[in-house]
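Below is the file input06.cif, which contains mmCIF, N, CA and C atoms and all ligand atoms.
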data_input
#
loop_
_atom_site.group_PDB
_atom_site.id
_atom_site.type_symbol
_atom_site.label_atom_id
_atom_site.label_comp_id
_atom_site.auth_asym_id
_atom_site.auth_seq_id
_atom_site.Cartn_x
_atom_site.Cartn_y
_atom_site.Cartn_z
ATOM 1 N N MET A 1 -18.338 16.997 -21.702
ATOM 2 C CA MET A 1 -17.100 17.745 -21.976
ATOM 3 C C MET A 1 -16.787 17.696 -23.472
ATOM 4 N N ARG A 2 -16.312 18.801 -24.006
ATOM 5 C CA ARG A 2 -16.025 18.887 -25.430
ATOM 6 C C ARG A 2 -14.560 19.293 -25.657
ATOM 7 N N CYS A 3 -14.068 18.923 -26.805
ATOM 8 C CA CYS A 3 -12.727 19.350 -27.201
ATOM 9 C C CYS A 3 -12.750 20.858 -27.461
ATOM 10 N N PRO A 4 -11.825 21.610 -26.832
ATOM 11 C CA PRO A 4 -11.817 23.060 -27.037
ATOM 12 C C PRO A 4 -11.362 23.455 -28.444
ATOM 13 N N LYS A 5 -10.766 22.515 -29.141
ATOM 14 C CA LYS A 5 -10.215 22.840 -30.457
ATOM 15 C C LYS A 5 -11.236 22.600 -31.566
ATOM 16 N N CYS A 6 -11.840 21.379 -31.575
ATOM 17 C CA CYS A 6 -12.751 21.043 -32.676
ATOM 18 C C CYS A 6 -14.189 20.855 -32.217
ATOM 19 N N GLY A 7 -14.443 20.857 -30.893
ATOM 20 C CA GLY A 7 -15.811 20.752 -30.399
ATOM 21 C C GLY A 7 -16.348 19.334 -30.342
ATOM 22 N N SER A 8 -15.527 18.326 -30.644
ATOM 23 C CA SER A 8 -15.969 16.943 -30.614
ATOM 24 C C SER A 8 -16.161 16.466 -29.178
ATOM 25 N N GLU A 9 -17.114 15.572 -28.974
ATOM 26 C CA GLU A 9 -17.309 14.983 -27.643
ATOM 27 C C GLU A 9 -16.638 13.624 -27.543
ATOM 28 N N ASN A 10 -15.941 13.214 -28.589
ATOM 29 C CA ASN A 10 -15.261 11.920 -28.622
ATOM 30 C C ASN A 10 -13.873 12.060 -28.004
ATOM 31 N N ILE A 11 -13.828 12.124 -26.657
ATOM 32 C CA ILE A 11 -12.558 12.353 -25.968
ATOM 33 C C ILE A 11 -12.296 11.239 -24.966
ATOM 34 N N ALA A 12 -11.013 11.047 -24.655
ATOM 35 C CA ALA A 12 -10.580 10.080 -23.650
ATOM 36 C C ALA A 12 -9.941 10.845 -22.500
ATOM 37 N N ILE A 13 -10.177 10.359 -21.273
ATOM 38 C CA ILE A 13 -9.602 11.012 -20.098
ATOM 39 C C ILE A 13 -8.518 10.117 -19.530
ATOM 40 N N ASN A 14 -7.330 10.659 -19.375
ATOM 41 C CA ASN A 14 -6.192 9.917 -18.828
ATOM 42 C C ASN A 14 -5.757 10.534 -17.508
ATOM 43 N N THR A 15 -5.398 9.664 -16.563
ATOM 44 C CA THR A 15 -4.839 10.126 -15.302
ATOM 45 C C THR A 15 -3.449 9.518 -15.163
ATOM 46 N N TYR A 16 -2.460 10.344 -14.896
ATOM 47 C CA TYR A 16 -1.094 9.843 -14.755
ATOM 48 C C TYR A 16 -0.321 10.664 -13.741
ATOM 49 N N GLN A 17 0.803 10.073 -13.294
ATOM 50 C CA GLN A 17 1.668 10.746 -12.334
ATOM 51 C C GLN A 17 2.692 11.574 -13.090
ATOM 52 N N GLU A 18 2.836 12.819 -12.706
ATOM 53 C CA GLU A 18 3.798 13.690 -13.369
ATOM 54 C C GLU A 18 4.833 14.143 -12.344
ATOM 55 N N SER A 19 6.100 13.966 -12.681
ATOM 56 C CA SER A 19 7.146 14.445 -11.781
ATOM 57 C C SER A 19 7.301 15.948 -11.962
ATOM 58 N N ARG A 20 7.535 16.610 -10.850
ATOM 59 C CA ARG A 20 7.636 18.061 -10.897
ATOM 60 C C ARG A 20 9.057 18.441 -11.279
ATOM 61 N N GLY A 21 9.307 18.494 -12.556
ATOM 62 C CA GLY A 21 10.623 18.895 -13.027
ATOM 63 C C GLY A 21 10.833 20.373 -12.793
ATOM 64 N N ALA A 22 11.939 20.714 -12.146
ATOM 65 C CA ALA A 22 12.205 22.117 -11.848
ATOM 66 C C ALA A 22 12.821 22.791 -13.068
ATOM 67 N N GLY A 23 12.091 23.670 -13.676
ATOM 68 C CA GLY A 23 12.612 24.403 -14.826
ATOM 69 C C GLY A 23 13.527 25.519 -14.385
ATOM 70 N N CYS A 24 14.203 26.121 -15.354
ATOM 71 C CA CYS A 24 15.151 27.199 -15.060
ATOM 72 C C CYS A 24 14.470 28.338 -14.305
ATOM 73 N N PHE A 25 13.309 28.715 -14.777
ATOM 74 C CA PHE A 25 12.624 29.851 -14.165
ATOM 75 C C PHE A 25 12.148 29.506 -12.768
ATOM 76 N N THR A 26 11.774 28.239 -12.563
ATOM 77 C CA THR A 26 11.314 27.823 -11.244
ATOM 78 C C THR A 26 12.464 27.894 -10.256
ATOM 79 N N VAL A 27 13.635 27.399 -10.663
ATOM 80 C CA VAL A 27 14.806 27.412 -9.790
ATOM 81 C C VAL A 27 15.193 28.854 -9.467
ATOM 82 N N LEU A 28 15.222 29.701 -10.478
ATOM 83 C CA LEU A 28 15.559 31.113 -10.293
ATOM 84 C C LEU A 28 14.581 31.773 -9.336
ATOM 85 N N PHE A 29 13.310 31.448 -9.530
ATOM 86 C CA PHE A 29 12.257 31.993 -8.665
ATOM 87 C C PHE A 29 12.486 31.582 -7.227
ATOM 88 N N TYR A 30 12.840 30.303 -7.002
ATOM 89 C CA TYR A 30 13.070 29.816 -5.647
ATOM 90 C C TYR A 30 14.297 30.482 -5.036
ATOM 91 N N ILE A 31 15.343 30.677 -5.851
ATOM 92 C CA ILE A 31 16.558 31.301 -5.329
ATOM 93 C C ILE A 31 16.264 32.728 -4.872
ATOM 94 N N ILE A 32 15.521 33.454 -5.694
ATOM 95 C CA ILE A 32 15.166 34.834 -5.325
ATOM 96 C C ILE A 32 14.322 34.834 -4.056
ATOM 97 N N LEU A 33 13.378 33.919 -4.006
ATOM 98 C CA LEU A 33 12.512 33.828 -2.824
ATOM 99 C C LEU A 33 13.320 33.500 -1.578
ATOM 100 N N ALA A 34 14.308 32.597 -1.747
ATOM 101 C CA ALA A 34 15.090 32.123 -0.606
ATOM 102 C C ALA A 34 15.909 33.247 0.033
ATOM 103 N N PHE A 35 16.165 34.330 -0.717
ATOM 104 C CA PHE A 35 16.937 35.437 -0.164
ATOM 105 C C PHE A 35 16.100 36.329 0.746
ATOM 106 N N THR A 36 14.845 36.087 0.804
ATOM 107 C CA THR A 36 13.994 36.843 1.717
ATOM 108 C C THR A 36 13.520 35.933 2.828
ATOM 109 N N ILE A 37 13.247 36.499 3.974
ATOM 110 C CA ILE A 37 12.788 35.693 5.118
ATOM 111 C C ILE A 37 11.445 35.069 4.787
ATOM 112 N N LEU A 38 10.592 35.849 4.153
ATOM 113 C CA LEU A 38 9.289 35.320 3.743
ATOM 114 C C LEU A 38 9.479 34.188 2.747
ATOM 115 N N GLY A 39 10.465 34.348 1.847
ATOM 116 C CA GLY A 39 10.753 33.337 0.838
ATOM 117 C C GLY A 39 11.129 32.013 1.466
ATOM 118 N N LEU A 40 11.941 32.048 2.525
ATOM 119 C CA LEU A 40 12.351 30.815 3.203
ATOM 120 C C LEU A 40 11.142 30.073 3.748
ATOM 121 N N LEU A 41 10.181 30.817 4.247
ATOM 122 C CA LEU A 41 8.976 30.191 4.794
ATOM 123 C C LEU A 41 8.170 29.506 3.697
ATOM 124 N N ILE A 42 8.285 30.009 2.465
ATOM 125 C CA ILE A 42 7.545 29.430 1.341
ATOM 126 C C ILE A 42 8.334 28.274 0.727
ATOM 127 N N VAL A 43 9.653 28.476 0.550
ATOM 128 C CA VAL A 43 10.488 27.509 -0.171
ATOM 129 C C VAL A 43 10.651 26.208 0.611
ATOM 130 N N ILE A 44 10.871 26.292 1.939
ATOM 131 C CA ILE A 44 11.124 25.080 2.727
ATOM 132 C C ILE A 44 9.947 24.101 2.639
ATOM 133 N N PRO A 45 8.704 24.533 2.858
ATOM 134 C CA PRO A 45 7.598 23.570 2.703
ATOM 135 C C PRO A 45 7.494 23.015 1.286
ATOM 136 N N LEU A 46 7.819 23.823 0.271
ATOM 137 C CA LEU A 46 7.756 23.352 -1.114
ATOM 138 C C LEU A 46 8.760 22.235 -1.353
ATOM 139 N N MET A 47 9.960 22.368 -0.757
ATOM 140 C CA MET A 47 11.014 21.370 -0.947
ATOM 141 C C MET A 47 10.690 20.079 -0.207
ATOM 142 N N LEU A 48 9.895 20.175 0.852
ATOM 143 C CA LEU A 48 9.551 18.988 1.626
ATOM 144 C C LEU A 48 8.375 18.238 1.019
ATOM 145 N N ARG A 49 7.707 18.880 0.088
ATOM 146 C CA ARG A 49 6.535 18.242 -0.517
ATOM 147 C C ARG A 49 6.920 17.123 -1.463
ATOM 148 N N LYS A 50 5.960 16.258 -1.751
ATOM 149 C CA LYS A 50 6.193 15.168 -2.692
ATOM 150 C C LYS A 50 6.531 15.725 -4.063
ATOM 151 N N LYS A 51 7.363 14.993 -4.780
ATOM 152 C CA LYS A 51 7.842 15.475 -6.066
ATOM 153 C C LYS A 51 6.921 15.090 -7.224
ATOM 154 N N THR A 52 5.934 14.280 -6.956
ATOM 155 C CA THR A 52 5.029 13.894 -8.036
ATOM 156 C C THR A 52 3.621 14.369 -7.719
ATOM 157 N N ARG A 53 2.845 14.538 -8.775
ATOM 158 C CA ARG A 53 1.457 14.892 -8.580
ATOM 159 C C ARG A 53 0.633 14.182 -9.643
ATOM 160 N N THR A 54 -0.635 14.006 -9.346
ATOM 161 C CA THR A 54 -1.526 13.336 -10.283
ATOM 162 C C THR A 54 -2.091 14.374 -11.242
ATOM 163 N N VAL A 55 -1.965 14.069 -12.511
ATOM 164 C CA VAL A 55 -2.452 14.976 -13.541
ATOM 165 C C VAL A 55 -3.572 14.273 -14.299
ATOM 166 N N THR A 56 -4.647 14.975 -14.502
ATOM 167 C CA THR A 56 -5.732 14.450 -15.319
ATOM 168 C C THR A 56 -5.737 15.206 -16.633
ATOM 169 N N ALA A 57 -5.609 14.467 -17.717
ATOM 170 C CA ALA A 57 -5.531 15.097 -19.027
ATOM 171 C C ALA A 57 -6.567 14.473 -19.961
ATOM 172 N N CYS A 58 -7.052 15.262 -20.878
ATOM 173 C CA CYS A 58 -8.007 14.791 -21.877
ATOM 174 C C CYS A 58 -7.325 14.742 -23.242
ATOM 175 N N VAL A 59 -7.673 13.729 -24.013
ATOM 176 C CA VAL A 59 -7.177 13.618 -25.380
ATOM 177 C C VAL A 59 -8.375 13.508 -26.300
ATOM 178 N N CYS A 60 -8.432 14.346 -27.313
ATOM 179 C CA CYS A 60 -9.509 14.298 -28.293
ATOM 180 C C CYS A 60 -9.192 13.201 -29.304
ATOM 181 N N LYS A 61 -10.150 12.275 -29.488
ATOM 182 C CA LYS A 61 -9.921 11.175 -30.429
ATOM 183 C C LYS A 61 -10.160 11.611 -31.873
ATOM 184 N N THR A 62 -10.754 12.768 -32.034
ATOM 185 C CA THR A 62 -11.047 13.245 -33.388
ATOM 186 C C THR A 62 -9.851 13.996 -33.981
ATOM 187 N N CYS A 63 -9.306 14.952 -33.217
ATOM 188 C CA CYS A 63 -8.223 15.774 -33.770
ATOM 189 C C CYS A 63 -6.903 15.561 -33.050
ATOM 190 N N GLY A 64 -6.891 14.809 -31.956
ATOM 191 C CA GLY A 64 -5.645 14.541 -31.249
ATOM 192 C C GLY A 64 -5.214 15.624 -30.283
ATOM 193 N N HIS A 65 -6.047 16.618 -30.089
ATOM 194 C CA HIS A 65 -5.708 17.716 -29.185
ATOM 195 C C HIS A 65 -5.672 17.210 -27.742
ATOM 196 N N LYS A 66 -4.651 17.638 -26.983
ATOM 197 C CA LYS A 66 -4.510 17.230 -25.585
ATOM 198 C C LYS A 66 -4.564 18.467 -24.708
ATOM 199 N N TRP A 67 -5.214 18.326 -23.555
ATOM 200 C CA TRP A 67 -5.231 19.433 -22.614
ATOM 201 C C TRP A 67 -5.426 18.901 -21.212
ATOM 202 N N LYS A 68 -4.991 19.672 -20.242
ATOM 203 C CA LYS A 68 -5.120 19.278 -18.837
ATOM 204 C C LYS A 68 -6.370 19.898 -18.265
ATOM 205 N N ILE A 69 -6.968 19.149 -17.340
ATOM 206 C CA ILE A 69 -8.174 19.662 -16.693
ATOM 207 C C ILE A 69 -7.756 20.554 -15.536
HETATM 208 ZN ZN ZN B 101 -10.668 17.861 -31.061
#
For this file, write the structure as structure tokens.
Ligand SMILES: [Zn+2]
Amino acid sequence: MRCPKCGSENIAINTYQESRGAGCFTVLFYIILAFTILGLLIVIPLMLRKKTRTVTACVCKTCGHKWKI
């Protein structure tokens, strides 16, 4: 794997838990969805899901560029 920015192979891989923070657009999207019957079927399972997810991210040790896999 190479850094997409500088092409270096000197990278570190980090795995961490990320909380799913609901942004303004996400909340608005859910509200619009909730007004439709189909939306309710989508929104309810989403709300019941776990609020955290595992994120794997790479950090380039050469230029400091970070990106998610
Ligand atoms: Zn780099």
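Each residue with an atom within 5 Å of any atom of ligand ZN 101 (chain B) appears in the list, which was built counting only N, CA and C atoms and all ligand atoms: Cys3, Lys5, Cys6, Gly7, Ser8, Cys60, Thr62, Cys63, Gly64 and His65 of chain A.
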task = Could you please write out, as a ChimeraX atom specification, every residue of chain A that DSSP assigns to strand (DSSP E or B)?
result = /A:11-19,52-60,66-68
inquiry  = Which residue is closest to Glu18 in chain A? Choose from A:Arg2, A:Lys61, A:Arg53, A:Lys66 and count only C-alpha atoms.
reply    = A:Arg53
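Atom C of Pro45 in chain A to CA of Thr15 in chain A spans 24.4 Å [interatomic distance, one decimal].
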Å distance separating CA of Ile32 in chain A from CA of Val55 in chain A, one decimal place = 27.8 Å
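Candidate residues A:Ile69, A:Ala34, A:Ile44, A:Leu28 were compared for distance to Thr56 in chain A, and the nearest is A:Ile69, using all atoms listed in the file.
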task = Convert the output of the PyMOL selection byres (((chain A and resi 11) around 5) and not hetatm) on the shown file into explicit residues, formatted as a PyMOL selection string.
result = chain A and resi 9-10+12-13+59-61
